[in-house]
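Okay, target_17.json now, which holds JSON, C-alpha atoms:
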```json
[["chain", "number", "residue", "atom", "x", "y", "z"],
["Z", 5, "MET", "CA", 17.43, 151.91, 218.93],
["Z", 6, "SER", "CA", 17.32, 151.31, 222.63],
["Z", 7, "PHE", "CA", 15.37, 154.42, 223.65],
["Z", 8, "ILE", "CA", 12.33, 153.46, 221.54],
["Z", 9, "ASN", "CA", 9.50, 152.19, 223.75],
["Z", 10, "GLU", "CA", 6.60, 152.15, 221.24],
["Z", 11, "ALA", "CA", 5.72, 149.21, 219.03],
["Z", 12, "GLY", "CA", 5.22, 149.72, 215.30],
["Z", 13, "TRP", "CA", 1.41, 149.62, 215.51],
["Z", 14, "ASP", "CA", 1.51, 152.12, 218.39],
["Z", 15, "ARG", "CA", 3.61, 154.53, 216.34],
["Z", 16, "VAL", "CA", 1.39, 154.25, 213.27],
["Z", 17, "LEU", "CA", -1.73, 154.85, 215.39],
["Z", 18, "ARG", "CA", -0.16, 157.91, 217.02],
["Z", 19, "VAL", "CA", 0.86, 159.42, 213.68],
["Z", 20, "ILE", "CA", -2.62, 158.87, 212.24],
["Z", 21, "ALA", "CA", -4.26, 160.25, 215.41],
["Z", 22, "GLY", "CA", -1.91, 163.25, 215.44],
["Z", 23, "VAL", "CA", -2.59, 164.16, 211.82],
["Z", 24, "ALA", "CA", -6.34, 163.67, 212.37],
["Z", 25, "LEU", "CA", -6.40, 165.86, 215.49],
["Z", 26, "LEU", "CA", -4.37, 168.57, 213.75],
["Z", 27, "TYR", "CA", -6.73, 168.45, 210.78],
["Z", 28, "LEU", "CA", -9.79, 168.76, 213.06],
["Z", 29, "GLY", "CA", -8.23, 171.69, 214.88],
["Z", 30, "TRP", "CA", -6.58, 173.64, 212.09],
["Z", 31, "ALA", "CA", -9.14, 173.03, 209.34],
["Z", 32, "GLY", "CA", -11.86, 174.40, 211.59],
["Z", 33, "VAL", "CA", -13.86, 171.18, 211.78],
["Z", 34, "VAL", "CA", -13.82, 171.57, 215.55],
["Z", 35, "THR", "CA", -13.97, 175.14, 216.81],
["Z", 36, "GLY", "CA", -13.92, 176.90, 220.16],
["Z", 37, "THR", "CA", -11.79, 175.81, 223.10],
["Z", 38, "LEU", "CA", -11.66, 172.19, 221.97],
["Z", 39, "GLY", "CA", -10.51, 173.31, 218.53],
["Z", 40, "THR", "CA", -7.71, 175.37, 220.07],
["Z", 41, "VAL", "CA", -6.69, 172.42, 222.25],
["Z", 42, "LEU", "CA", -6.60, 170.10, 219.22],
["Z", 43, "LYS", "CA", -4.50, 172.62, 217.27],
["Z", 44, "PHE", "CA", -1.64, 172.15, 219.71],
["Z", 45, "PHE", "CA", -2.21, 168.78, 221.39],
["Z", 46, "GLY", "CA", -2.35, 167.07, 218.00],
["Z", 47, "PHE", "CA", 1.40, 167.56, 217.82],
["Z", 48, "VAL", "CA", 1.91, 165.36, 220.91],
["Z", 49, "PRO", "CA", 0.88, 161.99, 219.41],
["Z", 50, "LEU", "CA", 2.37, 163.02, 216.07],
["Z", 51, "ILE", "CA", 5.82, 163.77, 217.49],
["Z", 52, "THR", "CA", 5.87, 160.83, 219.94],
["Z", 53, "GLY", "CA", 4.77, 158.55, 217.09],
["Z", 54, "LEU", "CA", 7.43, 159.80, 214.70],
["Z", 55, "VAL", "CA", 10.18, 159.60, 217.31],
["Z", 56, "GLY", "CA", 9.01, 156.26, 218.76],
["Z", 57, "TRP", "CA", 9.54, 157.33, 222.36],
["Z", 58, "CYS", "CA", 6.76, 158.22, 224.77],
["Z", 59, "PRO", "CA", 7.79, 160.11, 227.93],
["Z", 60, "ALA", "CA", 4.60, 158.97, 229.73],
["Z", 61, "TYR", "CA", 5.51, 155.33, 229.09],
["Z", 62, "THR", "CA", 8.94, 155.97, 230.59],
["Z", 63, "LEU", "CA", 7.34, 157.69, 233.59],
["Z", 64, "PHE", "CA", 5.04, 154.77, 234.31],
["Z", 65, "GLY", "CA", 7.53, 152.04, 233.36],
["Z", 66, "PHE", "CA", 5.34, 150.85, 230.50],
["Z", 67, "ARG", "CA", 6.22, 149.98, 226.93],
["Z", 68, "THR", "CA", 4.42, 148.53, 223.92],
["Z", 69, "LYS", "CA", 7.62, 147.59, 222.12],
["Z", 70, "LYS", "CA", 8.67, 144.10, 223.08],
["Z", 71, "ALA", "CA", 12.11, 143.83, 224.66],
["Z", 72, "GLN", "CA", 14.39, 141.98, 222.22],
["Y", 10, "MET", "CA", 17.59, 139.55, 222.02],
["Y", 11, "ALA", "CA", 19.10, 136.05, 222.45],
["Y", 12, "PRO", "CA", 16.65, 134.26, 220.10],
["Y", 13, "VAL", "CA", 17.23, 136.81, 217.33],
["Y", 14, "LEU", "CA", 20.99, 136.58, 217.81],
["Y", 15, "ALA", "CA", 20.85, 132.77, 217.70],
["Y", 16, "GLU", "CA", 18.89, 132.93, 214.45],
["Y", 17, "VAL", "CA", 21.39, 135.27, 212.78],
["Y", 18, "GLU", "CA", 24.31, 133.29, 214.22],
["Y", 19, "VAL", "CA", 23.03, 130.14, 212.48],
["Y", 20, "ALA", "CA", 22.82, 132.01, 209.17],
["Y", 21, "TYR", "CA", 26.51, 132.97, 209.46],
["Y", 22, "ILE", "CA", 27.94, 129.64, 210.69],
["Y", 23, "GLY", "CA", 31.42, 129.13, 209.25],
["Y", 24, "ARG", "CA", 31.77, 132.80, 208.35],
["Y", 25, "VAL", "CA", 31.46, 134.52, 211.73],
["Y", 26, "ASP", "CA", 32.60, 133.20, 215.12],
["Y", 27, "VAL", "CA", 30.44, 134.40, 218.01],
["Y", 28, "TRP", "CA", 32.01, 134.87, 221.43],
["Y", 29, "LYS", "CA", 29.90, 135.75, 224.44],
["Y", 30, "ILE", "CA", 31.52, 137.47, 227.41],
["Y", 31, "ASP", "CA", 29.86, 137.57, 230.81],
["Y", 32, "VAL", "CA", 30.75, 140.99, 232.25],
["Y", 33, "ASP", "CA", 30.23, 139.74, 235.81],
["Y", 34, "THR", "CA", 32.78, 136.96, 235.55],
["Y", 35, "GLU", "CA", 35.14, 138.77, 233.17],
["Y", 36, "PRO", "CA", 34.94, 142.47, 234.02],
["Y", 37, "GLU", "CA", 38.51, 143.12, 232.82],
["Y", 38, "VAL", "CA", 37.61, 142.02, 229.27],
["Y", 39, "ALA", "CA", 34.53, 144.26, 229.32],
["Y", 40, "ALA", "CA", 36.64, 147.18, 230.55],
["Y", 41, "ALA", "CA", 39.32, 146.58, 227.91],
["Y", 42, "LEU", "CA", 36.63, 146.61, 225.21],
["Y", 43, "GLY", "CA", 34.99, 149.72, 226.67],
["Y", 44, "VAL", "CA", 31.66, 147.98, 227.26],
["Y", 45, "ARG", "CA", 29.33, 150.17, 229.30],
["Y", 46, "VAL", "CA", 25.93, 148.90, 228.13],
["Y", 47, "ILE", "CA", 24.57, 145.35, 228.24],
["Y", 48, "PRO", "CA", 24.21, 143.86, 225.73],
["Y", 49, "THR", "CA", 26.95, 145.29, 223.55],
["Y", 50, "LEU", "CA", 27.79, 143.56, 220.29],
["Y", 51, "ILE", "CA", 31.16, 144.20, 218.75],
["Y", 52, "ALA", "CA", 32.02, 143.05, 215.24],
["Y", 53, "PHE", "CA", 35.68, 142.27, 214.51],
["Y", 54, "HIS", "CA", 37.19, 141.62, 211.13],
["Y", 55, "GLY", "CA", 40.44, 139.88, 211.94],
["Y", 56, "GLU", "CA", 41.69, 141.80, 214.96],
["Y", 57, "ARG", "CA", 40.16, 145.09, 213.91],
["Y", 58, "GLU", "CA", 36.87, 146.32, 215.37],
["Y", 59, "VAL", "CA", 34.56, 147.25, 212.50],
["Y", 60, "THR", "CA", 31.46, 148.36, 214.38],
["Y", 61, "ARG", "CA", 29.53, 147.93, 217.61],
["Y", 62, "MET", "CA", 25.94, 148.09, 218.78],
["Y", 63, "ALA", "CA", 24.83, 148.86, 222.31],
["Y", 64, "GLY", "CA", 21.39, 147.86, 223.57],
["Y", 65, "ALA", "CA", 18.75, 145.74, 221.91],
["Y", 66, "ALA", "CA", 19.09, 145.34, 218.15],
["Y", 67, "SER", "CA", 16.58, 144.26, 215.54],
["Y", 68, "HIS", "CA", 17.08, 141.26, 213.27],
["Y", 69, "ARG", "CA", 17.96, 143.60, 210.41],
["Y", 70, "ARG", "CA", 20.62, 145.43, 212.44],
["Y", 71, "LEU", "CA", 22.12, 142.19, 213.69],
["Y", 72, "ARG", "CA", 22.42, 140.92, 210.14],
["Y", 73, "SER", "CA", 24.09, 144.19, 209.21],
["Y", 74, "LEU", "CA", 26.57, 143.75, 212.09],
["Y", 75, "PHE", "CA", 27.39, 140.19, 210.99],
["Y", 76, "GLU", "CA", 27.76, 141.34, 207.39],
["Y", 77, "GLN", "CA", 30.18, 144.03, 208.49],
["Y", 78, "ALA", "CA", 32.20, 141.42, 210.40],
["Y", 79, "VAL", "CA", 32.41, 139.33, 207.21],
["Y", 80, "THR", "CA", 33.33, 142.18, 204.85],
["Y", 81, "GLY", "CA", 35.31, 144.31, 207.28],
["Y", 82, "VAL", "CA", 33.61, 147.38, 205.86],
["Y", 83, "ALA", "CA", 31.72, 149.60, 208.29],
["Y", 84, "VAL", "CA", 28.30, 150.53, 207.02],
["Y", 85, "GLU", "CA", 26.74, 153.73, 208.23],
["Y", 86, "ARG", "CA", 23.43, 153.10, 209.98],
["Y", 87, "GLY", "CA", 20.62, 154.22, 207.77],
["Y", 88, "MET", "CA", 17.11, 155.24, 208.66],
["Y", 89, "GLU", "CA", 14.57, 152.42, 208.93],
["Y", 90, "THR", "CA", 12.30, 152.32, 205.87],
["Y", 91, "ARG", "CA", 9.22, 152.42, 208.10],
["Y", 92, "ASP", "CA", 10.49, 155.54, 209.90],
["Y", 93, "ARG", "CA", 11.17, 157.27, 206.62],
["Y", 94, "ALA", "CA", 7.74, 156.31, 205.27],
["Y", 95, "MET", "CA", 5.92, 157.51, 208.40],
["Y", 96, "ARG", "CA", 7.73, 160.84, 208.39],
["Y", 97, "ALA", "CA", 7.15, 161.35, 204.67],
["Y", 98, "VAL", "CA", 3.44, 160.48, 204.90],
["Y", 99, "ALA", "CA", 2.95, 162.68, 207.98],
["Y", 100, "GLY", "CA", 4.81, 165.53, 206.25],
["Y", 101, "ALA", "CA", 2.72, 165.19, 203.12],
["Y", 102, "ALA", "CA", -0.51, 165.09, 205.16],
["Y", 103, "LEU", "CA", 0.53, 168.17, 207.12],
["Y", 104, "ALA", "CA", 1.49, 169.95, 203.89],
["Y", 105, "LEU", "CA", -1.95, 169.16, 202.47],
["Y", 106, "ILE", "CA", -3.69, 170.51, 205.57],
["Y", 107, "ALA", "CA", -1.39, 173.55, 205.55],
["Y", 108, "TRP", "CA", -2.17, 174.19, 201.87],
["Y", 109, "ARG", "CA", -5.92, 173.99, 202.59],
["Y", 110, "THR", "CA", -5.80, 176.20, 205.69],
["Y", 111, "GLY", "CA", -2.88, 178.47, 204.80],
["Y", 112, "GLU", "CA", -1.47, 178.09, 208.31],
["Y", 113, "ALA", "CA", 2.24, 178.88, 208.56],
["Y", 114, "VAL", "CA", 2.64, 176.65, 211.65],
["Y", 115, "LEU", "CA", 1.53, 173.62, 209.65],
["Y", 116, "PHE", "CA", 3.78, 174.51, 206.71],
["Y", 117, "ALA", "CA", 6.69, 174.62, 209.16],
["Y", 118, "ALA", "CA", 5.64, 171.30, 210.76],
["Y", 119, "ALA", "CA", 5.28, 169.71, 207.31],
["Y", 120, "GLY", "CA", 8.71, 170.99, 206.32],
["Y", 121, "LEU", "CA", 10.24, 169.57, 209.50],
["Y", 122, "ALA", "CA", 8.60, 166.17, 209.00],
["Y", 123, "LEU", "CA", 9.76, 166.02, 205.37],
["Y", 124, "LEU", "CA", 13.25, 167.11, 206.39],
["Y", 125, "ALA", "CA", 13.29, 164.39, 209.07],
["Y", 126, "ALA", "CA", 12.36, 161.88, 206.37],
["Y", 127, "SER", "CA", 15.14, 162.89, 204.01],
["Y", 128, "TYR", "CA", 17.97, 164.59, 205.91],
["Y", 129, "ASP", "CA", 20.33, 161.63, 205.55],
["Y", 130, "ILE", "CA", 19.89, 161.67, 201.76],
["Y", 131, "LEU", "CA", 19.95, 165.47, 201.45],
["Y", 132, "PHE", "CA", 23.12, 165.88, 203.51],
["Y", 133, "ALA", "CA", 24.93, 162.75, 202.27],
["Y", 134, "PRO", "CA", 27.12, 164.76, 199.81],
["Y", 135, "LEU", "CA", 28.22, 167.07, 202.66],
["Y", 136, "ARG", "CA", 29.14, 164.11, 204.87],
["Y", 137, "SER", "CA", 31.13, 162.33, 202.16],
["Y", 138, "ARG", "CA", 33.17, 165.51, 201.55],
["Y", 139, "ARG", "CA", 34.49, 165.40, 205.16]]
```
As a first step, turn the structure in this file into structure tokens.
Amino acid sequence: MSFINEAGWDRVLRVIAGVALLYLGWAGVVTGTLGTVLKFFGFVPLITGLVGWCPAYTLFGFRTKKAQ
Amino acid sequence: MAPVLAEVEVAYIGRVDVWKIDVDTEPEVAAALGVRVIPTLIAFHGEREVTRMAGAASHRRLRSLFEQAVTGVAVERGMETRDRAMRAVAGAALALIAWRTGEAVLFAAAGLALLAASYDILFAPLRSRR
């Protein structure tokens, strides 16, 4: 799909990072302000990884997916 | 996309004729075909358009387009196996964390991820009834 700007490895890394951050936040491994931040910001890499489109990449004209 | 297209084109020699139109030199043809995005690939079976793809396409999708040109049967675009796997694994991981923590937000997120991994299968009977 043409809107996708993340390569496969990028997407996999984001999904893994997202799940890990959510685990650290929600399971109480990290507590306090950082824990609260992780609880919500973990969704960012998870969602961008699952969708394959990163708004920041678009903003800065960057992409990890090779143009075909 | 040209190298991928050339590769698929070779695989379908004798079965599919490939015509390339330059929209700058032949804008009237592009307009008649309703081309608004470059590149756009249109598969014809005889004189009938079977399907089209706008924008860059993967090797797999190009093969699907050529196959549709050969058979004349439009195939609905399915979800990529990797996408489905990532969504399912993420959903399962979130469900596991949700089960351990009892957090409703994570149950909802897990449900959404699992739904995203399977909506095309779950709702296929509804679509075929239309």
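Using all atoms listed in the file, the smallest distance between any of Y:Arg91, Y:Ser127, Y:Val59, Y:Arg24 and Trp13 of chain Z comes from Y:Arg91.
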Item to check | Nearest residue to Phe45 of chain Z from the set Z:Val16, Z:Leu28, Z:Ala11, Z:Leu63 (distances using all atoms listed in the file) | outcome: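 With all atoms listed in the file as the atom set, the closest residue is Z:Leu28.
Minimum atom-to-atom distances from Z:Leu26, Z:Ile8, Z:Val41, Z:Val48 to Ala107 of chain Y were compared using only C-alpha atoms, and the lowest value belongs to Z:Leu26.
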Item to check | chain Z contacts to chain Y at 10 Å (all atoms listed in the file) as a count of residues only | outcome: 27
Checklist entry - Hey, can you check how far atom CA of Leu131 of chain Y sits from atom CA of Thr52 of chain Z? => result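 These atoms are spaced 23.7 Å apart.
For the atom pair formed by atom CA of Pro59 of chain Z and atom CA of Asn9 of chain Z, the distance is 9.1 Å, given to one decimal.
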Checklist entry - Residues around (28.9, 139.1, 233.6), cut-off 12 Å, counting all atoms listed in the file - what are they as a PyMOL selection string? => result chain Y and resi 29-40+44-49
Next on the checklist: One decimal, in Å: what's the spacing between atom CA of Ala104 of chain Y and atom CA of Ala119 of chain Y?
Outcome noted: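 Distance reported for this atom pair: 5.1 Å.
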Size and centre in Å, one decimal, axis-aligned box, all listed segment 49-52 of chain Z atoms plus 5 Å per side, as lines of an AutoDock Vina configuration file:
```
center_x = 3.4
center_y = 162.3
center_z = 218.0
size_x = 15.0
size_y = 12.9
size_z = 13.9
```
Need the shell around Ala78 of chain Y: protein/DNA/RNA residues with any atom at most 9 Å away, counting all atoms listed in the file. Skip same-chain ones fewer than 4 positions apart. Format as a short mmCIF file (atom, residue, chain, number, x, y, z; two decimals) with C-alpha atoms, keeping the file's coordinate frame?
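Once everything was written out, this is result.cif:
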```cif
data_model
loop_
_atom_site.label_atom_id
_atom_site.label_comp_id
_atom_site.auth_asym_id
_atom_site.auth_seq_id
_atom_site.Cartn_x
_atom_site.Cartn_y
_atom_site.Cartn_z
CA ARG Y 24 31.77 132.80 208.35
CA VAL Y 25 31.46 134.52 211.73
CA ILE Y 51 31.16 144.20 218.75
CA ALA Y 52 32.02 143.05 215.24
CA PHE Y 53 35.68 142.27 214.51
CA HIS Y 54 37.19 141.62 211.13
CA GLY Y 55 40.44 139.88 211.94
CA GLU Y 58 36.87 146.32 215.37
CA VAL Y 59 34.56 147.25 212.50
CA THR Y 60 31.46 148.36 214.38
CA SER Y 73 24.09 144.19 209.21
CA LEU Y 74 26.57 143.75 212.09
CA VAL Y 82 33.61 147.38 205.86
CA ALA Y 83 31.72 149.60 208.29
#
```
